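Peer 1: Data: query23.pdb, PDB, C-alpha atoms.
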ATOM      1  CA  MET A 172      53.628  80.010  75.998
ATOM      2  CA  ALA A 173      50.889  82.417  74.916
ATOM      3  CA  ASP A 174      48.564  79.697  73.499
ATOM      4  CA  GLY A 175      48.693  77.541  76.618
ATOM      5  CA  GLU A 176      47.589  80.462  78.775
ATOM      6  CA  ASP A 177      44.782  81.631  76.422
ATOM      7  CA  ARG A 178      46.727  84.745  75.450
ATOM      8  CA  THR A 179      46.837  86.173  71.957
ATOM      9  CA  HIS A 180      50.171  87.957  72.352
ATOM     10  CA  PRO A 181      53.445  86.974  74.018
ATOM     11  CA  THR A 182      54.529  88.806  77.128
ATOM     12  CA  ARG A 183      57.233  91.446  77.037
ATOM     13  CA  GLN A 184      59.723  88.945  78.458
ATOM     14  CA  GLU A 185      58.810  86.413  75.774
ATOM     15  CA  GLN A 186      59.195  89.066  73.089
ATOM     16  CA  TRP A 187      62.687  89.883  74.346
ATOM     17  CA  ALA A 188      63.526  86.166  74.408
ATOM     18  CA  ILE A 189      62.301  85.718  70.827
ATOM     19  CA  ALA A 190      64.294  88.738  69.689
ATOM     20  CA  GLY A 191      67.368  87.443  71.486
ATOM     21  CA  HIS A 192      67.119  84.029  69.849
ATOM     22  CA  GLY A 193      66.692  85.702  66.463
ATOM     23  CA  ILE A 194      69.824  87.774  66.973
ATOM     24  CA  GLU A 195      71.759  84.700  68.118
ATOM     25  CA  ALA A 196      70.643  82.806  65.003
ATOM     26  CA  ARG A 197      71.796  85.629  62.747
ATOM     27  CA  LEU A 198      75.127  85.859  64.548
ATOM     28  CA  ASP A 199      75.596  82.120  64.049
ATOM     29  CA  ARG A 200      75.488  82.771  60.302
ATOM     30  CA  ILE A 201      78.313  85.293  60.683
ATOM     31  CA  VAL A 202      80.566  83.583  63.227
ATOM     32  CA  LEU A 203      80.407  79.986  64.406
ATOM     33  CA  PRO A 204      78.930  79.950  67.936
ATOM     34  CA  GLU A 205      81.772  77.932  69.469
ATOM     35  CA  VAL A 206      84.318  80.402  68.049
ATOM     36  CA  ARG A 207      82.198  83.400  68.986
ATOM     37  CA  ASN A 208      81.814  82.307  72.605
ATOM     38  CA  ALA A 209      85.503  81.523  73.054
ATOM     39  CA  ALA A 210      86.534  84.856  71.523
ATOM     40  CA  SER A 211      83.929  86.602  73.674
ATOM     41  CA  THR A 212      85.617  85.154  76.750
ATOM     42  CA  ALA A 213      89.030  86.336  75.585
ATOM     43  CA  ALA A 214      87.765  89.833  74.749
ATOM     44  CA  LEU A 215      85.982  90.135  78.092
ATOM     45  CA  ALA A 216      89.152  89.190  79.946
ATOM     46  CA  MET A 217      91.269  91.562  77.851
ATOM     47  CA  GLY A 218      88.927  94.510  78.289
ATOM     48  CA  ALA A 219      88.411  93.979  82.015
ATOM     49  CA  GLY A 220      92.127  93.523  82.662
ATOM     50  CA  LEU A 221      93.326  96.482  80.611
ATOM     51  CA  GLY A 222      90.501  98.644  81.938
ATOM     52  CA  LEU A 223      91.696  97.895  85.463
ATOM     53  CA  ALA A 224      95.312  98.646  84.536
ATOM     54  CA  GLU A 225      94.325 101.967  82.968
ATOM     55  CA  PHE A 226      92.359 102.860  86.084
ATOM     56  CA  VAL A 227      95.216 102.136  88.485
ATOM     57  CA  PHE A 228      98.022 103.726  86.485
ATOM     58  CA  THR A 229      96.356 106.762  84.919
ATOM     59  CA  SER A 230      92.967 107.446  86.452
ATOM     60  CA  TRP A 231      93.977 106.910  90.060
ATOM     61  CA  SER A 232      97.802 106.879  90.291
ATOM     62  CA  PRO A 233      97.752 106.769  94.114
ATOM     63  CA  TRP A 234     101.522 107.361  94.307
ATOM     64  CA  ILE A 235     100.994 110.904  92.969
ATOM     65  CA  HIS A 236      99.538 112.942  95.820
ATOM     66  CA  SER A 237      98.602 116.168  94.049
ATOM     67  CA  ASN A 238      97.011 117.369  90.846
ATOM     68  CA  PRO A 239      99.686 116.746  88.172
ATOM     69  CA  ALA A 240      98.310 119.461  85.889
ATOM     70  CA  PRO A 241      96.896 122.276  88.042
ATOM     71  CA  GLY A 242      94.955 124.790  86.020
ATOM     72  CA  LEU A 243      94.465 122.293  83.197
ATOM     73  CA  MET A 244      92.861 119.319  84.893
ATOM     74  CA  VAL A 245      89.804 119.088  87.106
ATOM     75  CA  GLN A 246      90.041 115.966  89.238
ATOM     76  CA  ILE A 247      86.985 113.907  90.157
ATOM     77  CA  GLY A 248      87.783 113.181  93.771
ATOM     78  CA  PRO A 249      91.068 111.247  93.727
ATOM     79  CA  PHE A 250      90.672 110.345  90.047
ATOM     80  CA  ARG A 251      92.445 112.197  87.258
ATOM     81  CA  ASP A 252      90.437 111.027  84.253
ATOM     82  CA  THR A 253      87.324 109.017  83.435
ATOM     83  CA  GLY A 254      89.094 105.666  83.622
ATOM     84  CA  PHE A 255      87.330 104.754  86.855
ATOM     85  CA  VAL A 256      84.005 104.744  84.974
ATOM     86  CA  TYR A 257      85.219 102.236  82.387
ATOM     87  CA  ALA A 258      86.881 100.068  85.024
ATOM     88  CA  ALA A 259      83.586  99.936  86.919
ATOM     89  CA  LEU A 260      81.626  99.029  83.777
ATOM     90  CA  TRP A 261      84.075  96.254  82.931
ATOM     91  CA  GLY A 262      83.787  95.001  86.501
ATOM     92  CA  VAL A 263      80.003  94.851  86.196
ATOM     93  CA  ALA A 264      80.216  93.044  82.847
ATOM     94  CA  LEU A 265      82.707  90.493  84.179
ATOM     95  CA  SER A 266      80.630  89.886  87.307
ATOM     96  CA  ALA A 267      77.473  89.489  85.222
ATOM     97  CA  ALA A 268      79.188  86.947  82.978
ATOM     98  CA  LEU A 269      80.412  84.892  85.926
ATOM     99  CA  ALA A 270      76.978  85.068  87.574
ATOM    100  CA  GLY A 271      75.186  83.856  84.450
ATOM    101  CA  ARG A 272      73.431  87.199  83.870
ATOM    102  CA  TRP A 273      74.990  87.937  80.519
ATOM    103  CA  ALA A 274      72.059  90.069  79.357
ATOM    104  CA  VAL A 275      73.132  92.542  82.039
ATOM    105  CA  GLY A 276      76.726  92.204  80.872
ATOM    106  CA  ARG A 277      75.829  92.930  77.264
ATOM    107  CA  ALA A 278      73.788  95.978  78.237
ATOM    108  CA  THR A 279      76.713  97.224  80.322
ATOM    109  CA  LEU A 280      79.118  96.827  77.414
ATOM    110  CA  LEU A 281      76.724  98.701  75.136
ATOM    111  CA  ILE A 282      76.733 101.593  77.603
ATOM    112  CA  LEU A 283      80.531 101.424  77.680
ATOM    113  CA  VAL A 284      80.801 101.668  73.889
ATOM    114  CA  LEU A 285      78.405 104.626  73.801
ATOM    115  CA  LEU A 286      80.326 106.468  76.519
ATOM    116  CA  ALA A 287      83.664 105.762  74.853
ATOM    117  CA  THR A 288      82.287 107.145  71.590
ATOM    118  CA  VAL A 289      80.836 110.413  72.873
ATOM    119  CA  SER A 290      82.854 111.264  75.997
ATOM    120  CA  PRO A 291      85.990 112.550  74.191
ATOM    121  CA  TYR A 292      83.835 115.162  72.450
ATOM    122  CA  PHE A 293      82.064 116.306  75.611
ATOM    123  CA  LEU A 294      85.322 116.338  77.576
ATOM    124  CA  ALA A 295      87.425 118.037  74.912
ATOM    125  CA  SER A 296      88.118 121.193  76.918
ATOM    126  CA  PRO A 297      91.816 121.530  77.843
ATOM    127  CA  SER A 298      90.864 122.852  81.281
ATOM    128  CA  GLY A 299      88.311 120.443  82.669
ATOM    129  CA  VAL A 300      87.691 116.779  83.364
ATOM    130  CA  TRP A 301      89.988 114.664  81.231
ATOM    131  CA  SER A 302      88.863 111.650  79.242
ATOM    132  CA  VAL A 303      90.808 108.441  78.827
ATOM    133  CA  ASP A 304      93.028 108.807  75.755
ATOM    134  CA  ARG A 305      91.237 107.922  72.531
ATOM    135  CA  ALA A 306      93.645 105.162  71.564
ATOM    136  CA  THR A 307      92.841 103.214  74.725
ATOM    137  CA  LEU A 308      89.128 103.996  74.443
ATOM    138  CA  PHE A 309      89.041 102.476  70.971
ATOM    139  CA  LEU A 310      90.725  99.314  72.246
ATOM    140  CA  LEU A 311      88.262  99.008  75.132
ATOM    141  CA  SER A 312      85.366  99.562  72.715
ATOM    142  CA  THR A 313      86.496  96.870  70.285
ATOM    143  CA  CYS A 314      86.948  94.458  73.185
ATOM    144  CA  ALA A 315      83.404  95.263  74.295
ATOM    145  CA  VAL A 316      81.976  94.627  70.821
ATOM    146  CA  VAL A 317      83.659  91.224  70.440
ATOM    147  CA  ALA A 318      82.713  90.262  73.995
ATOM    148  CA  ALA A 319      79.075  91.191  73.392
ATOM    149  CA  LEU A 320      78.882  89.057  70.238
ATOM    150  CA  GLY A 321      79.119  85.815  72.194
ATOM    151  CA  ARG A 322      78.476  84.325  75.593
ATOM    152  CA  PRO A 323      81.583  84.145  77.806
ATOM    153  CA  HIS A 324      82.374  80.988  79.717
ATOM    154  CA  ARG A 325      81.369  80.950  83.378
ATOM    155  CA  SER A 326      84.644  79.750  84.809
ATOM    156  CA  HIS A 327      87.386  80.795  87.177
ATOM    157  CA  HIS A 328      89.645  80.675  84.125
ATOM    158  CA  THR A 329      87.860  83.781  82.828
ATOM    159  CA  SER A 330      88.658  85.639  86.042
ATOM    160  CA  ALA A 331      92.244  84.402  85.948
ATOM    161  CA  ALA A 332      92.629  85.607  82.362
ATOM    162  CA  ALA A 333      91.342  89.062  83.343
ATOM    163  CA  VAL A 334      93.913  89.218  86.140
ATOM    164  CA  GLY A 335      96.591  88.170  83.663
ATOM    165  CA  TRP A 336      95.663  90.967  81.268
ATOM    166  CA  ALA A 337      95.698  93.450  84.146
ATOM    167  CA  LEU A 338      99.236  92.354  85.008
ATOM    168  CA  LEU A 339     100.312  92.653  81.368
ATOM    169  CA  GLY A 340      98.852  96.143  81.224
ATOM    170  CA  ALA A 341     100.660  97.048  84.422
ATOM    171  CA  LEU A 342     103.912  95.709  82.961
ATOM    172  CA  SER A 343     103.424  97.878  79.886
ATOM    173  CA  TYR A 344     103.032 101.013  81.995
ATOM    174  CA  VAL A 345     105.874 100.210  84.383
ATOM    175  CA  SER A 346     108.374  99.194  81.699
ATOM    176  CA  THR A 347     107.902 102.234  79.477
ATOM    177  CA  SER A 348     106.971 105.127  81.753
ATOM    178  CA  ASP A 349     108.312 107.104  84.661
ATOM    179  CA  LEU A 350     105.433 106.677  87.065
ATOM    180  CA  SER A 351     106.404 109.802  88.979
ATOM    181  CA  GLU A 352     105.467 111.810  85.879
ATOM    182  CA  TRP A 353     101.761 111.270  85.363
ATOM    183  CA  LEU A 354     101.494 112.800  81.905
ATOM    184  CA  SER A 355     104.099 110.446  80.468
ATOM    185  CA  SER A 356     102.272 107.389  81.801
ATOM    186  CA  ARG A 357      98.899 108.126  80.184
ATOM    187  CA  SER A 358      99.265 105.868  77.161
ATOM    188  CA  ILE A 359      99.368 102.105  77.415
ATOM    189  CA  TRP A 360     100.547 102.150  73.806
ATOM    190  CA  ASN A 361     104.064 103.194  74.754
ATOM    191  CA  GLY A 362     104.781  99.540  75.427
ATOM    192  CA  ASN A 363     102.901  98.029  72.528
ATOM    193  CA  LEU A 364     106.041  96.623  70.913
ATOM    194  CA  TYR A 365     105.878  93.727  73.382
ATOM    195  CA  ALA A 366     102.267  93.133  72.428
ATOM    196  CA  TRP A 367     103.229  93.369  68.740
ATOM    197  CA  TYR A 368     105.667  90.476  69.100
ATOM    198  CA  ALA A 369     103.175  88.438  71.126
ATOM    199  CA  THR A 370     100.453  89.057  68.538
ATOM    200  CA  GLY A 371     102.774  87.979  65.743
ATOM    201  CA  VAL A 372     103.557  84.737  67.556
ATOM    202  CA  LEU A 373      99.850  84.044  68.097
ATOM    203  CA  GLU A 374      99.082  84.703  64.439
ATOM    204  CA  LEU A 375     101.814  82.273  63.420
ATOM    205  CA  ALA A 376     100.248  79.734  65.777
ATOM    206  CA  ALA A 377      96.857  80.325  64.142
ATOM    207  CA  ILE A 378      98.370  79.800  60.692
ATOM    208  CA  GLY A 379      99.960  76.559  61.872
ATOM    209  CA  LEU A 380      96.665  75.347  63.322
ATOM    210  CA  ALA A 381      94.867  76.220  60.089
ATOM    211  CA  LEU A 382      97.417  74.299  58.029
ATOM    212  CA  ALA A 383      96.833  71.350  60.357
ATOM    213  CA  ARG A 384      93.057  71.842  59.798
ATOM    214  CA  TYR A 385      92.298  72.704  63.413
ATOM    215  CA  TRP A 386      89.948  75.423  62.249
ATOM    216  CA  ARG A 387      88.120  76.086  65.487
ATOM    217  CA  ALA A 388      91.306  76.855  67.415
ATOM    218  CA  ALA A 389      92.716  78.929  64.553
ATOM    219  CA  PHE A 390      89.543  80.980  64.146
ATOM    220  CA  THR A 391      89.289  81.513  67.900
ATOM    221  CA  ILE A 392      92.791  83.009  67.984
ATOM    222  CA  VAL A 393      92.024  85.219  64.988
ATOM    223  CA  LEU A 394      88.785  86.608  66.414
ATOM    224  CA  SER A 395      90.364  87.053  69.854
ATOM    225  CA  LEU A 396      93.154  89.167  68.335
ATOM    226  CA  ALA A 397      90.720  91.345  66.374
ATOM    227  CA  PRO A 398      90.264  93.969  69.143
ATOM    228  CA  TYR A 399      93.982  94.615  69.588
ATOM    229  CA  VAL A 400      94.987  94.523  65.916
ATOM    230  CA  GLY A 401      91.919  96.520  64.891
ATOM    231  CA  ALA A 402      92.575  99.160  67.528
ATOM    232  CA  LEU A 403      96.281  99.305  66.694
ATOM    233  CA  SER A 404      95.538  99.753  62.978
ATOM    234  CA  PHE A 405      92.895 102.423  63.557
ATOM    235  CA  ASN A 406      94.988 104.322  66.071
ATOM    236  CA  ARG A 407      98.036 104.188  63.807
ATOM    237  CA  LEU A 408      96.042 105.553  60.859
ATOM    238  CA  ARG A 409      94.605 108.350  62.998
ATOM    239  CA  GLY A 410      98.034 109.216  64.364
ATOM    240  CA  TYR A 411      97.059 108.497  67.967
ATOM    241  CA  VAL A 412     100.047 106.197  68.454
ATOM    242  CA  GLY A 413     103.496 105.969  66.928
ATOM    243  CA  ASP A 414     104.663 103.144  64.720
ATOM    244  CA  SER A 415     105.859 100.188  66.770
ATOM    245  CA  GLY A 416     106.426  97.366  64.339
ATOM    246  CA  SER A 417     104.613  97.230  61.031
ATOM    247  CA  VAL A 418     100.858  97.149  61.507
ATOM    248  CA  THR A 419     100.492  95.642  58.035
ATOM    249  CA  PHE A 420     102.242  92.431  59.076
ATOM    250  CA  LEU A 421      99.591  91.946  61.749
ATOM    251  CA  ALA A 422      96.541  93.290  59.938
ATOM    252  CA  VAL A 423      96.766  91.350  56.662
ATOM    253  CA  PRO A 424      96.845  87.807  58.149
ATOM    254  CA  LEU A 425      94.079  88.801  60.551
ATOM    255  CA  LEU A 426      91.857  90.095  57.742
ATOM    256  CA  VAL A 427      92.407  86.909  55.740
ATOM    257  CA  GLY A 428      91.530  84.803  58.771
ATOM    258  CA  LEU A 429      88.386  86.820  59.503
ATOM    259  CA  LEU A 430      87.295  86.529  55.868
ATOM    260  CA  LEU A 431      87.694  82.750  55.961
ATOM    261  CA  LEU A 432      85.786  82.628  59.243
ATOM    262  CA  PHE A 433      82.854  84.653  57.910
ATOM    263  CA  LEU A 434      82.674  82.714  54.641
ATOM    264  CA  HIS A 435      82.799  79.378  56.446
ATOM    265  CA  SER A 436      80.231  80.421  59.064
ATOM    266  CA  SER A 437      77.791  81.570  56.376
ATOM    267  CA  GLY A 438      78.135  78.286  54.490
ATOM    268  CA  ARG A 439      79.810  79.847  51.462
ATOM    269  CA  LEU A 440      83.141  78.119  52.032
ATOM    270  CA  GLU A 441      83.644  74.455  52.784
ATOM    271  CA  LEU A 442      86.875  73.782  54.644
ATOM    272  CA  PRO A 443      88.654  70.429  54.890
ATOM    273  CA  PRO A 444      87.528  68.534  57.993
ATOM    274  CA  ALA A 445      89.691  68.492  61.079
ATOM    275  CA  PRO A 446      91.851  65.391  61.505
ATOM    276  CA  SER A 447      90.079  62.637  63.370
ATOM    277  CA  ARG A 448      91.366  61.590  66.741
ATOM    278  CA  ARG A 449      93.285  58.367  66.779
ATOM    279  CA  THR A 450      92.043  55.679  69.077
ATOM    280  CA  PHE A 451      94.362  53.128  70.553
ATOM    281  CA  PRO A 452      93.287  49.644  71.595
TER     282      PRO A 452
END
Could you write out this structure as C-alpha cells?

Peer 2:
Amino acid sequence: MADGEDRTHPTRQEQWAIAGHGIEARLDRIVLPEVRNAASTAALAMGAGLGLAEFVFTSWSPWIHSNPAPGLMVQIGPFRDTGFVYAALWGVALSAALAGRWAVGRATLLILVLLATVSPYFLASPSGVWSVDRATLFLLSTCAVVAALGRPHRSHHTSAAAVGWALLGALSYVSTSDLSEWLSSRSIWNGNLYAWYATGVLELAAIGLALARYWRAAFTIVLSLAPYVGALSFNRLRGYVGDSGSVTFLAVPLLVGLLLLFLHSSGRLELPPAPSRRTFP
C-alpha cells in the first residue's frame, strides 16, 4: 500500500485496481455477482462458438475456391468478410478467461464491440471489403457486453460450451443453406426457428425455477438468454431478419425476469427465500 512504502499517492496499478473494485461493487448493485459470473460464462461461450461458426461458414468457406462475387467483393486473402477478425478476438477473450487474465479478455471484448459498431459504416461500399452482416454483429456485441459484465469460470466446461455453440451454429448454417452458394449462407438467422423453440423451452424452465423459488438458477437463465433475445428483437425491428416465431413471446418474459433481477440485486425487492435442503439422518 502507499502508506507502508512512504508514498503519498497510489501507483498506476493500484489506481486501476481501485477503479476495478469500484466498478465491480457498482455492478453488484445491478446484478447479483453469482448470477453475473454464470451468465458471463454462458455469453462468452455463445459468442466464441458462434463467432467461430460465422468464420468457418461465411468468412472462410474453404469449399468455395473462387471469389463468389467478383467485381463486388474484395477478398482479404482467403477470407470473404471480416468474420476472421471477430473470431480471433473471441479466441483471445476465451483464452484470457481460461488463463485467469480476464482484464485482457474484457479489453478484447471492448475492442470487439467498438469494431462491430463502426465497421459496417466504414465497409458500406458495395464493391469492397465486406463486413459481417449487421444482425450477427449485433448478436456478437450483446454477447460481448454480457460476458464483460462478469468473470467467467475457469473450467474446461467453458471450453466445451463454446465448442457446443460452434456446433449449433454450424448446424444452423448447414440445415438452412446451400453451402455451394456463398451469398445464401451469409446469415445465421435463417435457422433461428430452432433457436426460438430452444429459447422458449429455457424460458419456461426459468419460470418453473422461479415458481419453485430457485432464484439464482432462474436469473442465470434469464441473463444468459438476454444476448440472443435482445439481438433477435432488435434485428426484427430493424428489418435485418424475417419473422421466425413471435419475438414478443420471448421478449416479454425476459424483460420481466430482468426487471425482477435488477430490483432484487439493488435491494428494492425482497424475494421469498429458496427452499432449504432436506437433510436425512

Peer 1: Name the residues in contact with A:Gly242 at a cut-off of 12 Å, using only C-alpha atoms, excluding same-chain residues fewer than 2 positions from it; report them as a PDB file with C-alpha atoms, keeping the file's coordinate frame.

Peer 2:
ATOM      1  CA  ASN A 238      97.011 117.369  90.846  1.00  0.00           C
ATOM      2  CA  PRO A 239      99.686 116.746  88.172  1.00  0.00           C
ATOM      3  CA  ALA A 240      98.310 119.461  85.889  1.00  0.00           C
ATOM      4  CA  MET A 244      92.861 119.319  84.893  1.00  0.00           C
ATOM      5  CA  VAL A 245      89.804 119.088  87.106  1.00  0.00           C
ATOM      6  CA  GLN A 246      90.041 115.966  89.238  1.00  0.00           C
ATOM      7  CA  SER A 296      88.118 121.193  76.918  1.00  0.00           C
ATOM      8  CA  PRO A 297      91.816 121.530  77.843  1.00  0.00           C
ATOM      9  CA  SER A 298      90.864 122.852  81.281  1.00  0.00           C
ATOM     10  CA  GLY A 299      88.311 120.443  82.669  1.00  0.00           C
ATOM     11  CA  VAL A 300      87.691 116.779  83.364  1.00  0.00           C
TER      12      VAL A 300
END

Peer 1: Point out the residue among A:Ser230, A:Trp261, A:Ala210, A:Gly379 with the least atom-to-atom distance to A:Ile282, counting all atoms listed in the file.

Peer 2: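 So, comparing all the options, the nearest one is A:Trp261.
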
Peer 1: Find the residue from A:Pro291, A:Pro323, A:Pro241, A:Gly262 that sits nearest to A:Arg207; use all atoms listed in the file when measuring.

Peer 2: A:Pro323

Peer 1: Applying the PyMOL selection byres ((chain A and resi 395-406) around 7) to the file I just gave you, which residues come out? Please list them as a count of residues only.

Peer 2: 21

Peer 1: Around (93.0, 106.1, 89.7), as given in the file, which residues come within 7 Å? Count all atoms listed in the file and list them as a list in words.

Peer 2: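 Checked against the point, the hits come out as Phe226, Val227, Phe228, Thr229, Ser230, Trp231, Ser232, Pro233, Pro249, Phe250, Arg251 and Phe255 of chain A.
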
Peer 1: Pull the neighbourhood of (92.5, 94.1, 77.9) for me: all residues within 8 Å in file coordinates, counting all atoms listed in the file, as a VMD selection string.

Peer 2: chain A and resid 214 to 222 310 to 311 314 333 336 to 337 340

Peer 1: May I ask for the distance between atom CA of A:Ala264 and atom CA of A:Trp234, given in Å to one decimal place?

Peer 2: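 Value for the atom CA of A:Ala264-atom CA of A:Trp234 distance: 28.1 Å.
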
Peer 1: Axis-aligned box over every listed atom of stretch 387-392 of chain A, padded by 4 Å per side: centre and edges in Å to one decimal, as JSON?

Peer 2:
{"center_x": 90.5, "center_y": 79.5, "center_z": 66.1, "size_x": 12.7, "size_y": 14.9, "size_z": 11.8}

Peer 1: Can you list, as a CSV table (one decimal) with C-alpha atoms, in the coordinates of the input, the residues that the PyMOL selection byres ((chain A and resi 253) around 7) selects here?

Peer 2:
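Okay, selection12.csv is ready:
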chain,number,residue,atom,x,y,z
A,230,SER,CA,93.0,107.4,86.5
A,252,ASP,CA,90.4,111.0,84.3
A,254,GLY,CA,89.1,105.7,83.6
A,255,PHE,CA,87.3,104.8,86.9
A,256,VAL,CA,84.0,104.7,85.0
A,301,TRP,CA,90.0,114.7,81.2
A,302,SER,CA,88.9,111.6,79.2
A,303,VAL,CA,90.8,108.4,78.8
